[in-house]
There are 2 protein chains.
Amino acid sequence: MHDMARPHVESHFQSSESVRDVVIGLSDGLTVPFALAAGLSGAISSAHIIVLAGLAEIAAGSIAMGLGGYLAARGDAEHYASELKREQEEVVTRPDDEAEEIYQIFDQYAVPRTAAAPVLAALQQNHPAYVDFMMRFELGLEKPASSRAHRSALTIAASYIAGGLVPLLPYMFVHPPPTCNGCTDALNTAFISSTTVALELSVLITLLALALFGALKGRLLGTGALRAATQTTLIGGAAAAAAYTLASLLNAHT
Amino acid sequence: MHDMARPHVESHFQSSESVRDVVIGLSDGLTVPFALAAGLSGAISSAHIIVLAGLAEIAAGSIAMGLGGYLAARGDAEHYASELKREQEEVVTRPDDEAEEIYQIFDQYAVPRTAAAPVLAALQQNHPAYVDFMMRFELGLEKPASSRAHRSALTIAASYIAGGLVPLLPYMFVHPPPTCNGCTDALNTAFISSTTVALELSVLITLLALALFGALKGRLLGTGALRAATQTTLIGGAAAAAAYTLASLLNAHT
């Protein structure tokens, strides 16, 4: 808006939408596949199936979240278009109602009718500006950026995939099954001996990643690194603990 | 705002935030556990493990999404508070810059300085109203409802759980394993004979649920029932097909 006067406001706004998309994708990506893998570790010992389930979840989750972000942004754009059409009609068909709405907007800020009247008169001289004014100040709607929906979808999906691969890594290095005849002792030591050890490593690196991500998020959004790190770590830990407990209980009772 | 003049606008806004939360939760809930179950069906034949993975995913996903919604809403509230503090300071410490910003706001709508001056004078008489005006019309920020964060979290989580259970139902009725000695023929016919049949049923009921959900969403948000139904069905189908293909390929190569 007033780029000259305070350019940092605009740039802060722009980046915070993308940052928010990355935050949404990474939060869920670091949390859901992590919790799923941890949960399955509480019930089954096959690292192969855990990795398979984790990757299937990442494929499904990134498509669903990315598309969810895309549709949300597109929904906003469509809502804007339908309200714009209505305002354009009402400025012509109900001029007195619209004028009264202008007075009421200013009245909320203790601006008397006599002070608002010149603004109303100026707006009535210029219908496109009048409609824009009502869209922003009556309905609180901003014209959505046309490229926003696609960018938002891709940012969320990519962040989800990146986050989701972290907790699965240890499971990919679990010791191959006993049928691996060609495996030397040296090779075997490079692998992880069991799903339990993979779970422990997964918990360790994912909680570290969540803490690091939370700290960065806290700094970027200005909410404080330590507080945000504590928050994301607790969330991921809670989701994983819930999934682990649920899967263990269900497995014990069947 | 102007409840008397056009009450339907306000109520439309209120409901669309909750509807959007239900839409977010149901979209992902009907899509991700569905795609995960379908994906695993492409690689393993144990309905028990598929149900286990699905429920673990629902536990993790509902916690992560609900908390994601909560944190997003709380982040908005904190952003509002920090910007409010800055405006309160600037109105006192930089009165000329703030006045210039008022002129620039009106200038975007072709309102000349002479017409905007009485509004500025009225605002300068009342600092709290001046700050509120700048928050809304300069920064485009609305004071967030304090209950919004909690309600948003619970709505998203509950919708995710409700949606996620739909695709898992058929897998819960897969024929018990051969060790079920007490099973009569009559009981056996009530069960589903294999994971493949459960997958087919799951695809059928979930695509129907996605179509129904999409149609309702389209009507509620005013974007058209048929178009929205086609969209949600295609998304769910695409995510499930991607997960199924990925899991089948990975399983074949290991």
# chains A, B, ... in the order shown; residues from 1 in each chain; ligands from 1
call {"tool": "closest_atom_pairs", "arguments": {"of": "chain B", "to": "chain A", "cutoff": "7 Å", "atoms": "only C-alpha atoms", "output": "Markdown table"}}
result
| residue | atom | partner | partner_atom | distance |
| --- | --- | --- | --- | --- |
| B:His2 | CA | A:Gln104 | CA | 6.9 |
| B:Ile24 | CA | A:Gly68 | CA | 6.8 |
| B:Asp28 | CA | A:Ala64 | CA | 5.8 |
| B:Thr31 | CA | A:Ala64 | CA | 6.5 |
| B:Val32 | CA | A:Ala60 | CA | 5.3 |
| B:Ala35 | CA | A:Ala60 | CA | 5.7 |
| B:Leu36 | CA | A:Glu57 | CA | 5.5 |
| B:Gly39 | CA | A:Ala56 | CA | 5.9 |
| B:Leu40 | CA | A:Ala53 | CA | 6.4 |
| B:Leu52 | CA | A:Ala247 | CA | 6.1 |
| B:Ala53 | CA | A:Leu40 | CA | 6.4 |
| B:Ala56 | CA | A:Ala243 | CA | 4.7 |
| B:Glu57 | CA | A:Leu36 | CA | 5.5 |
| B:Ala59 | CA | A:Ala243 | CA | 5.7 |
| B:Ala60 | CA | A:Ala239 | CA | 4.9 |
| B:Gly61 | CA | A:Val32 | CA | 5.7 |
| B:Ile63 | CA | A:Ala239 | CA | 6.0 |
| B:Ala64 | CA | A:Asp28 | CA | 5.8 |
| B:Gly68 | CA | A:Ile24 | CA | 6.8 |
| B:Gln104 | CA | A:His2 | CA | 7.0 |
| B:Tyr109 | CA | A:Ala129 | CA | 4.8 |
| B:Ala110 | CA | A:Ala129 | CA | 6.7 |
| B:Val111 | CA | A:Ala122 | CA | 5.5 |
| B:Ala115 | CA | A:Pro118 | CA | 4.8 |
| B:Ala116 | CA | A:Val119 | CA | 6.1 |
| B:Pro118 | CA | A:Ala115 | CA | 4.8 |
| B:Val119 | CA | A:Ala115 | CA | 5.3 |
| B:Ala122 | CA | A:Val111 | CA | 5.5 |
| B:Leu123 | CA | A:Val111 | CA | 6.7 |
| B:Ala129 | CA | A:Tyr109 | CA | 4.9 |
| B:Phe133 | CA | A:Tyr109 | CA | 6.6 |
| B:Phe137 | CA | A:Phe137 | CA | 6.7 |
| B:Ala239 | CA | A:Ala60 | CA | 4.9 |
| B:Ala240 | CA | A:Ala60 | CA | 6.6 |
| B:Ala242 | CA | A:Ala59 | CA | 6.7 |
| B:Ala243 | CA | A:Ala56 | CA | 4.7 |
| B:Leu246 | CA | A:Ala56 | CA | 6.7 |
| B:Ala247 | CA | A:Leu52 | CA | 6.1 |
call {"tool": "write_last_selection", "arguments": {"atoms": "C-alpha atoms", "output": "mmCIF file, in the first residue's frame"}}
result
data_model
loop_
_atom_site.group_PDB
_atom_site.id
_atom_site.type_symbol
_atom_site.label_atom_id
_atom_site.label_comp_id
_atom_site.auth_asym_id
_atom_site.auth_seq_id
_atom_site.Cartn_x
_atom_site.Cartn_y
_atom_site.Cartn_z
ATOM 1 C CA HIS B 2 -23.933 -3.031 10.482
ATOM 2 C CA ILE B 24 -10.332 -28.692 6.105
ATOM 3 C CA ASP B 28 -7.968 -34.487 4.786
ATOM 4 C CA THR B 31 -8.440 -38.431 1.922
ATOM 5 C CA VAL B 32 -5.306 -39.318 3.917
ATOM 6 C CA ALA B 35 -5.145 -43.218 0.683
ATOM 7 C CA LEU B 36 -2.954 -44.812 3.355
ATOM 8 C CA GLY B 39 -1.739 -47.801 -0.431
ATOM 9 C CA LEU B 40 -1.015 -50.488 2.152
ATOM 10 C CA LEU B 52 -3.850 -50.366 12.949
ATOM 11 C CA ALA B 53 -1.978 -48.020 10.605
ATOM 12 C CA ALA B 56 -2.617 -44.531 14.267
ATOM 13 C CA GLU B 57 -2.767 -42.088 11.357
ATOM 14 C CA ALA B 59 -4.802 -40.214 16.058
ATOM 15 C CA ALA B 60 -1.687 -38.466 14.782
ATOM 16 C CA GLY B 61 -3.418 -36.514 12.025
ATOM 17 C CA ILE B 63 -3.791 -34.032 16.876
ATOM 18 C CA ALA B 64 -1.445 -32.436 14.341
ATOM 19 C CA GLY B 68 -2.065 -26.732 13.586
ATOM 20 C CA GLN B 104 -2.534 7.789 1.406
ATOM 21 C CA TYR B 109 -9.844 5.464 -3.471
ATOM 22 C CA ALA B 110 -9.509 8.795 -5.290
ATOM 23 C CA VAL B 111 -10.616 10.698 -2.156
ATOM 24 C CA ALA B 115 -12.234 15.487 1.755
ATOM 25 C CA ALA B 116 -10.102 13.265 4.031
ATOM 26 C CA PRO B 118 -12.159 16.220 8.484
ATOM 27 C CA VAL B 119 -11.937 12.448 9.066
ATOM 28 C CA ALA B 122 -11.917 13.543 14.083
ATOM 29 C CA LEU B 123 -9.565 10.569 14.514
ATOM 30 C CA ALA B 129 -10.373 5.021 17.636
ATOM 31 C CA PHE B 133 -8.814 2.652 12.347
ATOM 32 C CA PHE B 137 -7.672 0.128 7.288
ATOM 33 C CA ALA B 239 -4.158 -39.399 -3.452
ATOM 34 C CA ALA B 240 -5.275 -43.031 -3.023
ATOM 35 C CA ALA B 242 -0.679 -42.315 -5.828
ATOM 36 C CA ALA B 243 -0.256 -44.080 -2.473
ATOM 37 C CA LEU B 246 3.937 -46.020 -4.654
ATOM 38 C CA ALA B 247 3.434 -48.843 -2.148
#
call {"tool": "atom_distance", "arguments": {"atom1": "atom CA of B:Glu17", "atom2": "atom CA of B:Ala153"}}
result
12.0 Å
call {"tool": "closest_residue", "arguments": {"among": "B:Ser202, B:Thr233, B:Ala252, B:Gly42", "to": "B:Leu169", "atoms": "only C-alpha atoms"}}
result
B:Ser202
call {"tool": "select_by_dssp", "arguments": {"residues": "stretch 30-206 of chain A", "states": "helix (DSSP H, G or I)", "output": "PyMOL selection string"}}
result
chain A and resi 30-41+47-93+95-107+113-124+127-137+148-172+185-190+195-206
call {"tool": "atom_distance", "arguments": {"atom1": "atom CA of A:Val197", "atom2": "atom CA of A:Ser46"}}
result
12.4 Å
call {"tool": "atom_distance", "arguments": {"atom1": "atom CA of A:Thr93", "atom2": "atom CA of A:Ala81"}}
result
18.5 Å
call {"tool": "closest_residue", "arguments": {"among": "B:Ala99, B:Leu220, B:Val174, B:Leu26", "to": "B:Ile161", "atoms": "only C-alpha atoms"}}
result
B:Leu26
